Every structure is written in structure tokens, then in C-alpha cells.
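Reviewing the structure listed below.
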Amino acid sequence: MPTPSNNRRDFLSVSVSAAVATGMAQGGFFSSAGGSEKKKLGVALVGLGSLSTNQIAPALQTSQHCRLAAVVTGTPAKEKQWADKYGISTDHIYNYERFDKIASDETVDIVYVVLPNSMHPEFTIRAARAGKHVLCEKPMANTAQECRQMIDACKQANRQLAIGYRCQFEPSHLKMMELARSNEIGTIKRIDAGVGFKIGEPAQWRLRQKLAGGGALMDVGIYALQACRYLTGEEPVSIIAQESKTDAVKFAEVDESIAWMMSFASGTTAYCTTSYNLNGLNQLTATGSDGFLRLDPAFGYTDANLENSRGKIELPKIDQFATEMDDFATCILENKPSKVSGQEGLKDLLAIEAIYKSINSRAVVEVERV
Ligand code: NDP
């Protein structure tokens, strides 16, 4: 099975020391801070690749409201590895064919889909039909139409759907959002956002259109795109984009680098770039009539650094994955919608489709409304 390059891991800064396992998940009941017994929601991880192994499973060891209850894998060797490491019994280990049997697994409340992008719709829909709430990794799907099908399936099953937009739980991003939206820098005139890294292994699924749905834009450009949306609290009205390709062999199927400009109704303009062939592209700046806010680096797992014209703004470091899962569990337990719902995923895909359309047509494209 192909694995992503070390470069990608470097970009995202794998160190999640705060999330290092402190004990194995055993049973479903844990003491809350107040001393009362409280059930943690059981999570089934679908796809045991890099993200599940290095970030999500460790985060589940420190999560307040979630625990690792089951795994779904297509690689038989991983079954024993995960069973041994996390104390999961064989009746909570599934492969993709047997996945639907998870419906009768009462230890599983949430299915977390951590598969190649093209597989997100199928497993989200199957999970919802099995009666499970779904947390699905970004990008939500390869097309907006698939996003709508996923939203409908969860709605029909009366299950919650959230997308793994971890940055929306990160203190520096939240602070930047709060300051940007509270007029701290006056009217936001422009946003500059860039995310990229030099991708390794040419055989990996990220470079296959069918599995990935696109290249750098689908994988990491989506962070820049979404940040513009959450800083302004607005949807882009129109987009113009251009692709550049310097390696037509490696990037035969997917985009290598894209630059795009988004216009918002309030007058803000966003200038974004993404690349699979450039390390160090990892910044987010909002420039307003009265100052600026900058995250540099911006989108890694642990190293977001916020500053304004007065200097660095110190904020706590958290485990973004544990916080994201805890928030989803709280939404389920309190029956309230997630701020990173399927609608958020759909809005990103509508903008992504406008970007690809603009590249192909060489024209300004209006972004379709939800
Ligand atoms: P990996 O390639 O490391 O893992 C993907 C896993 O999916 C594989 O290990 C395999 O698990 C399973 N799989 C099933 N079918 C295939 C197939 N045809 N080709 C390859 N793998 C297959 O990917 P990541 O873990 O890095 O990414 C998974 C998802 O998470 C993607 O959607 C990605 O965009 C997202 N992601 C999100 C991040 C974030 O910060 N929110 C960061 C990184 C990724 P098994 O062997 O168990 O079957």
C-alpha cells in the first residue's frame, strides 16, 4: 500500500507529544472531572494509514469524550498489530467487505473515515445506513454532488456528519478568526494564504486522479481556501485560477501548483496558492484597513504562530484531533450541529469546482451557492 512521503509529514510537523498515548482504551465508562461516571463514545477508524496511525489513534488515547472501539482495514497484517497495540478484540475488527456488520456493534457510536478521498462518500453513506454518526476526513469528497449525497444519507439516517477540519479547533486560528471578524484590523482588504509541500513517492494515491480527485488543491490547498472563508465569515462570490505544471510526468493526473483569486461580497479579495512541489508554503495573512494578522507557520499540527503589528500572540498548544473529536462527541451528546458539518465540506467543494472550472475555461467563474 503506498504511503505518503516524509516531506508531507515534515510539513505537518508530526510531533504530537501532547497526544502521546497514556493508556489503552478499555471498556466504555470513564470518570468525568466531576467524579460521575460518563460514557465515552466509541470510534471506529476506517483506513489505518498514516493519519490514523500517527495522529488519530494517539489522540484517542487522550480524548475526553471518545475512545478507540473498532478498526476497519483492508490490510490483514494491520489487524493483529492494532489488536495488540490497542487491546481491540477480533469482533471489533472489520475489513471493507464486512464493514456493514458494524451496524450491530454497540461499542461503535462514530465512524471516522480516514481513507483516500474518493472512498469518503461510500463509507460515509454505509456508516450512516449502519446507524453510526460520521466524522469524515477532508476533502469531504471529490465532487459537490457526492457531498450532497453524503449529507442526505446522514440526514435520512438521523445521524450527525462532521468533516475533519482540525484547524477550526486550533487556538491560533480561532483567535485570528475572532480578531478578524471583530474589526480588530478594520475592514479586511485582502487575505494571502498559501499551503504546499514537495510530495514524494510518485506511486501514491495522492497523485492518482481517481482516488484523490485532484492534486495539491484537494489535499492541502483546501486549508487555504477554508481559512479565507472562516476569516471573513463569507462565501467567495467569484474565482479566477491558473495552474502551473513543471513536472508533467509526476503530475500527469493531478494539479501540481495552483494560484487563485477569490472575491467576496464585502470587497475582500483573497490571493491563494497551493503546491505539491514547493516546501515552506504555509502562511495565512489578513490585511485590514487598520493592521494585519498573520499565522506563520499556519496549518501544521502543532506549530501555528499568530502575530499582529504588536508582535506574537501567545496561545496554548492543543491536540487538534482530540479536540475535534471531543467537539463532535459533544455535538452528538447534546444533539447540536457541528460547526464543521457536511455543509462546510460542501461549500469547500463548490469553491474547488469553481477553481478547476476557471483553470479549464481561463475565465472568472461564479461560485455556486449551497
Ligand atoms: P494514507 O495513504 O497514509 O492511508 C490511507 C489508508 O487508506 C491506507 O493505509 C489503507 O488503509 C486505506 N486504503 C484503502 N484503499 C486504499 C487504496 N486504494 N489506496 C491507498 N490506501 C487505501 O493516507 P492518509 O492517512 O495520509 O490520508 C487519509 C485521509 O486523511 C485523506 O482523505 C487525507 O486527505 C486525510 N488527511 C487529513 C489530514 C488532516 O490534517 N486533517 C492530514 C492527512 C490526511 P488499510 O491498509 O488499513 O486498508
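Chain labels run A, B, ... following the order of the C-alpha cells; each chain numbers its residues from 1, and ligands are numbered from 1 in the order shown.
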Per residue of chain A within 7 Å of ligand 1, note the shortest atom pair and the distance in Å to one decimal, counting only C-alpha atoms and all ligand atoms, and order the rows by chain and increasing residue number, as CSV.
residue,atom,partner,partner_atom_place_in_ligand_line,distance
A:Met1,CA,ligand 1,20 (C),5.8
A:Pro2,CA,ligand 1,2 (O),6.0
A:Thr3,CA,ligand 1,2 (O),4.8
A:Pro4,CA,ligand 1,3 (O),5.7
A:Val46,CA,ligand 1,47 (O),6.9
A:Gly47,CA,ligand 1,11 (O),3.8
A:Leu48,CA,ligand 1,47 (O),3.6
A:Gly49,CA,ligand 1,9 (O),3.1
A:Ser50,CA,ligand 1,3 (O),3.6
A:Leu51,CA,ligand 1,25 (O),3.7
A:Ser52,CA,ligand 1,25 (O),5.8
A:Val72,CA,ligand 1,47 (O),6.5
A:Thr73,CA,ligand 1,47 (O),3.6
A:Gly74,CA,ligand 1,48 (O),3.5
A:Thr75,CA,ligand 1,46 (O),4.4
A:Lys78,CA,ligand 1,47 (O),6.7
A:Val114,CA,ligand 1,29 (C),4.3
A:Leu115,CA,ligand 1,7 (O),4.1
A:Pro116,CA,ligand 1,32 (O),4.6
A:Asn117,CA,ligand 1,32 (O),4.4
A:Glu137,CA,ligand 1,35 (C),5.1
A:Lys138,CA,ligand 1,34 (O),5.1
A:Pro139,CA,ligand 1,34 (O),5.8
A:Gly164,CA,ligand 1,41 (N),5.3
A:Tyr165,CA,ligand 1,41 (N),6.0
A:Arg166,CA,ligand 1,41 (N),5.9
A:Trp205,CA,ligand 1,19 (N),5.5
A:Asp219,CA,ligand 1,34 (O),5.3
* To do: May I have all residues of stretch 16-170 of chain A that DSSP, computed from the backbone, assigns to strand (DSSP E), given as a ChimeraX atom specification?
  => /A:29-31,37-39,41-46,66-72,93-94,110-113,133-136,161-163
Please, could you write that set of residues out with C-alpha atoms as a PDB file, in the first residue's frame?
ATOM      1  CA  PHE A  29     -17.007   4.028  31.056  1.00  0.00           C
ATOM      2  CA  PHE A  30     -14.652   6.595  32.499  1.00  0.00           C
ATOM      3  CA  SER A  31     -14.742   9.063  35.362  1.00  0.00           C
ATOM      4  CA  GLU A  37     -19.354   8.063  35.517  1.00  0.00           C
ATOM      5  CA  LYS A  38     -19.689   9.183  31.932  1.00  0.00           C
ATOM      6  CA  LYS A  39     -19.670   7.109  28.779  1.00  0.00           C
ATOM      7  CA  LEU A  41     -18.321   7.485  22.598  1.00  0.00           C
ATOM      8  CA  GLY A  42     -16.747   4.602  20.689  1.00  0.00           C
ATOM      9  CA  VAL A  43     -14.930   5.488  17.466  1.00  0.00           C
ATOM     10  CA  ALA A  44     -14.271   3.076  14.596  1.00  0.00           C
ATOM     11  CA  LEU A  45     -11.319   4.166  12.457  1.00  0.00           C
ATOM     12  CA  VAL A  46     -11.730   3.274   8.786  1.00  0.00           C
ATOM     13  CA  CYS A  66     -14.093   9.431  22.676  1.00  0.00           C
ATOM     14  CA  ARG A  67     -12.267   6.113  22.736  1.00  0.00           C
ATOM     15  CA  LEU A  68     -10.977   3.752  20.068  1.00  0.00           C
ATOM     16  CA  ALA A  69     -13.603   0.991  19.843  1.00  0.00           C
ATOM     17  CA  ALA A  70     -13.016  -0.656  16.456  1.00  0.00           C
ATOM     18  CA  VAL A  71     -10.923  -0.568  13.302  1.00  0.00           C
ATOM     19  CA  VAL A  72     -11.649  -1.208   9.632  1.00  0.00           C
ATOM     20  CA  ILE A  93     -12.045  -5.545  13.696  1.00  0.00           C
ATOM     21  CA  TYR A  94     -13.569  -5.293  10.206  1.00  0.00           C
ATOM     22  CA  ILE A 110     -18.887   7.207  15.481  1.00  0.00           C
ATOM     23  CA  VAL A 111     -17.263   6.034  12.268  1.00  0.00           C
ATOM     24  CA  TYR A 112     -14.205   8.125  11.393  1.00  0.00           C
ATOM     25  CA  VAL A 113     -13.482   7.832   7.640  1.00  0.00           C
ATOM     26  CA  HIS A 133     -22.530   9.157  13.280  1.00  0.00           C
ATOM     27  CA  VAL A 134     -19.780  10.055  10.810  1.00  0.00           C
ATOM     28  CA  LEU A 135     -16.620  12.095  11.049  1.00  0.00           C
ATOM     29  CA  CYS A 136     -15.093  12.214   7.570  1.00  0.00           C
ATOM     30  CA  LEU A 161     -21.919  14.307   9.918  1.00  0.00           C
ATOM     31  CA  ALA A 162     -18.784  16.370  10.518  1.00  0.00           C
ATOM     32  CA  ILE A 163     -15.649  16.951   8.441  1.00  0.00           C
TER      33      ILE A 163
END
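The coordinates place atom CA of A:Trp260 at 6.3 Å from atom CA of A:Gln242.
Minimum atom-to-atom distances from A:Thr323, A:Thr302, A:Gly196, A:Gly291 to A:Tyr276 were compared using only C-alpha atoms, and the lowest value belongs to A:Gly196.
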* Using only C-alpha atoms, determine which residues lie at most 10 Å from A:Gly233, disregarding the query and same-chain residues fewer than 6 positions distant; provide the list as a ChimeraX atom specification. => /A:177,180-181,227,264
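Of the residues listed (A:Ile313, A:Met325, A:Met140, A:Met261), A:Met325 shows the shortest atom-to-atom separation from A:His65; distances use only C-alpha atoms.
A straight line drawn from atom CA of A:Asp255 to atom CA of A:Ser358 is 13.4 Å long.
A straight line drawn from atom CA of A:Ala57 to atom CA of A:Thr107 is 16.4 Å long.
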* To do: Using only C-alpha atoms, determine which residues lie at most 12 Å from A:Ala252, disregarding the query and same-chain residues fewer than 2 positions distant; provide the list as a list in words.
  => Pro202, Ala203, Arg206, Leu207, Arg208, Gln209, Gly214, Gly215, Lys245, Thr246, Asp247, Ala248, Val249, Lys250, Val254, Asp255 and Glu256 of chain A
N, CA, C and O atoms of the current selection, written as a short mmCIF file (atom, residue, chain, number, x, y, z; two decimals), in the first residue's frame:
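again.cif was written with the following content:
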data_model
loop_
_atom_site.label_atom_id
_atom_site.label_comp_id
_atom_site.auth_asym_id
_atom_site.auth_seq_id
_atom_site.Cartn_x
_atom_site.Cartn_y
_atom_site.Cartn_z
N PRO A 202 6.12 8.75 -6.12
CA PRO A 202 5.25 9.01 -7.28
C PRO A 202 4.09 8.03 -7.45
O PRO A 202 3.13 8.32 -8.16
N ALA A 203 4.16 6.86 -6.77
CA ALA A 203 3.09 5.86 -6.96
C ALA A 203 1.93 6.03 -5.99
O ALA A 203 0.96 5.29 -6.05
N ARG A 206 -2.30 9.86 -3.72
CA ARG A 206 -2.50 11.31 -3.82
C ARG A 206 -2.21 11.84 -5.23
O ARG A 206 -2.64 12.93 -5.57
N LEU A 207 -1.47 11.07 -6.01
CA LEU A 207 -1.15 11.52 -7.38
C LEU A 207 -2.02 10.82 -8.42
O LEU A 207 -1.78 10.95 -9.62
N ARG A 208 -3.03 10.06 -7.97
CA ARG A 208 -3.96 9.39 -8.87
C ARG A 208 -5.30 10.11 -8.84
O ARG A 208 -5.97 10.17 -7.79
N GLN A 209 -5.70 10.66 -9.96
CA GLN A 209 -6.92 11.46 -10.04
C GLN A 209 -8.14 10.71 -9.49
O GLN A 209 -8.95 11.26 -8.76
N GLY A 214 -7.98 15.17 -7.39
CA GLY A 214 -7.21 16.35 -7.75
C GLY A 214 -5.88 16.27 -7.01
O GLY A 214 -5.61 15.29 -6.31
N GLY A 215 -5.07 17.30 -7.14
CA GLY A 215 -3.75 17.26 -6.53
C GLY A 215 -3.63 18.13 -5.30
O GLY A 215 -4.39 17.99 -4.34
N LYS A 245 2.47 23.72 -14.21
CA LYS A 245 3.00 22.35 -14.10
C LYS A 245 4.43 22.34 -14.61
O LYS A 245 4.68 22.74 -15.74
N THR A 246 5.36 21.90 -13.75
CA THR A 246 6.75 21.83 -14.18
C THR A 246 7.20 20.38 -14.37
O THR A 246 8.25 20.14 -14.94
N ASP A 247 6.41 19.44 -13.85
CA ASP A 247 6.75 18.02 -13.99
C ASP A 247 5.51 17.29 -14.51
O ASP A 247 4.65 16.85 -13.74
N ALA A 248 5.44 17.19 -15.83
CA ALA A 248 4.24 16.63 -16.47
C ALA A 248 4.14 15.11 -16.32
O ALA A 248 3.11 14.53 -16.59
N VAL A 249 5.22 14.48 -15.87
CA VAL A 249 5.18 13.03 -15.67
C VAL A 249 4.61 12.72 -14.29
O VAL A 249 3.59 12.04 -14.14
N LYS A 250 5.24 13.29 -13.27
CA LYS A 250 4.78 13.02 -11.90
C LYS A 250 3.35 13.54 -11.69
O LYS A 250 2.54 12.92 -11.01
N VAL A 254 -2.84 14.88 -11.82
CA VAL A 254 -3.37 15.86 -10.85
C VAL A 254 -2.62 17.17 -10.91
O VAL A 254 -1.51 17.23 -11.46
N ASP A 255 -3.20 18.21 -10.32
CA ASP A 255 -2.57 19.52 -10.34
C ASP A 255 -1.31 19.55 -9.47
O ASP A 255 -1.28 18.99 -8.37
N GLU A 256 -0.31 20.22 -9.98
CA GLU A 256 0.96 20.39 -9.24
C GLU A 256 0.90 21.68 -8.40
O GLU A 256 1.11 21.65 -7.19
#
* Asked: Pick the closest to A:Tyr356 from A:Asn95, A:Ser257, A:Thr232, A:Gln156: which is it, counting only C-alpha atoms?
  -> A:Ser257
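For A:Asp192, the residues within 8 Å (counting only C-alpha atoms, excluding itself and residues fewer than 6 positions away along the chain) are Ala270, Tyr271, Cys272, Gln283, Leu284, Thr285 and Ala286 of chain A.
Using only C-alpha atoms, the smallest distance between any of A:Arg129, A:Arg98, A:Lys80, A:Lys317 and A:Lys155 comes from A:Arg129.
Shortest atom-to-atom contact with A:Cys154 among A:Arg126, A:Asn279, A:Asn360, A:Leu315: A:Arg126, counting only C-alpha atoms.
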* To do: List the neighbours of A:Glu170 out to 8 Å using only C-alpha atoms; skip same-chain residues closer than 3 positions along the sequence, and give me the result as a ChimeraX atom specification.
  => /A:166-167,173-174,317-318,320
Output N, CA, C and O atoms for every residue in the selection just made, as a PDB file, in the first residue's frame.
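Saved result, again30.pdb, follows:
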ATOM      1  N   ARG A 166      -9.589  20.218  11.291  1.00  0.00           N
ATOM      2  CA  ARG A 166      -8.941  20.379  12.599  1.00  0.00           C
ATOM      3  C   ARG A 166      -8.549  21.827  12.910  1.00  0.00           C
ATOM      4  O   ARG A 166      -8.532  22.224  14.078  1.00  0.00           O
ATOM      5  N   CYS A 167      -8.225  22.622  11.882  1.00  0.00           N
ATOM      6  CA  CYS A 167      -7.773  23.996  12.142  1.00  0.00           C
ATOM      7  C   CYS A 167      -8.866  24.824  12.817  1.00  0.00           C
ATOM      8  O   CYS A 167      -8.564  25.797  13.517  1.00  0.00           O
ATOM      9  N   HIS A 173      -5.893  29.772  15.145  1.00  0.00           N
ATOM     10  CA  HIS A 173      -6.878  30.009  14.079  1.00  0.00           C
ATOM     11  C   HIS A 173      -8.149  30.628  14.669  1.00  0.00           C
ATOM     12  O   HIS A 173      -8.733  31.549  14.086  1.00  0.00           O
ATOM     13  N   LEU A 174      -8.559  30.114  15.836  1.00  0.00           N
ATOM     14  CA  LEU A 174      -9.779  30.646  16.460  1.00  0.00           C
ATOM     15  C   LEU A 174      -9.588  32.107  16.844  1.00  0.00           C
ATOM     16  O   LEU A 174     -10.475  32.942  16.647  1.00  0.00           O
ATOM     17  N   LYS A 317      -1.024  25.398  23.106  1.00  0.00           N
ATOM     18  CA  LYS A 317      -0.975  24.362  22.071  1.00  0.00           C
ATOM     19  C   LYS A 317      -1.922  23.246  22.493  1.00  0.00           C
ATOM     20  O   LYS A 317      -1.963  22.873  23.665  1.00  0.00           O
ATOM     21  N   ILE A 318      -2.651  22.740  21.554  1.00  0.00           N
ATOM     22  CA  ILE A 318      -3.581  21.648  21.858  1.00  0.00           C
ATOM     23  C   ILE A 318      -3.395  20.516  20.850  1.00  0.00           C
ATOM     24  O   ILE A 318      -2.719  20.698  19.851  1.00  0.00           O
ATOM     25  N   GLN A 320      -5.098  18.963  18.048  1.00  0.00           N
ATOM     26  CA  GLN A 320      -6.235  19.352  17.199  1.00  0.00           C
ATOM     27  C   GLN A 320      -7.194  18.184  16.952  1.00  0.00           C
ATOM     28  O   GLN A 320      -8.403  18.371  16.846  1.00  0.00           O
TER      29      GLN A 320
END
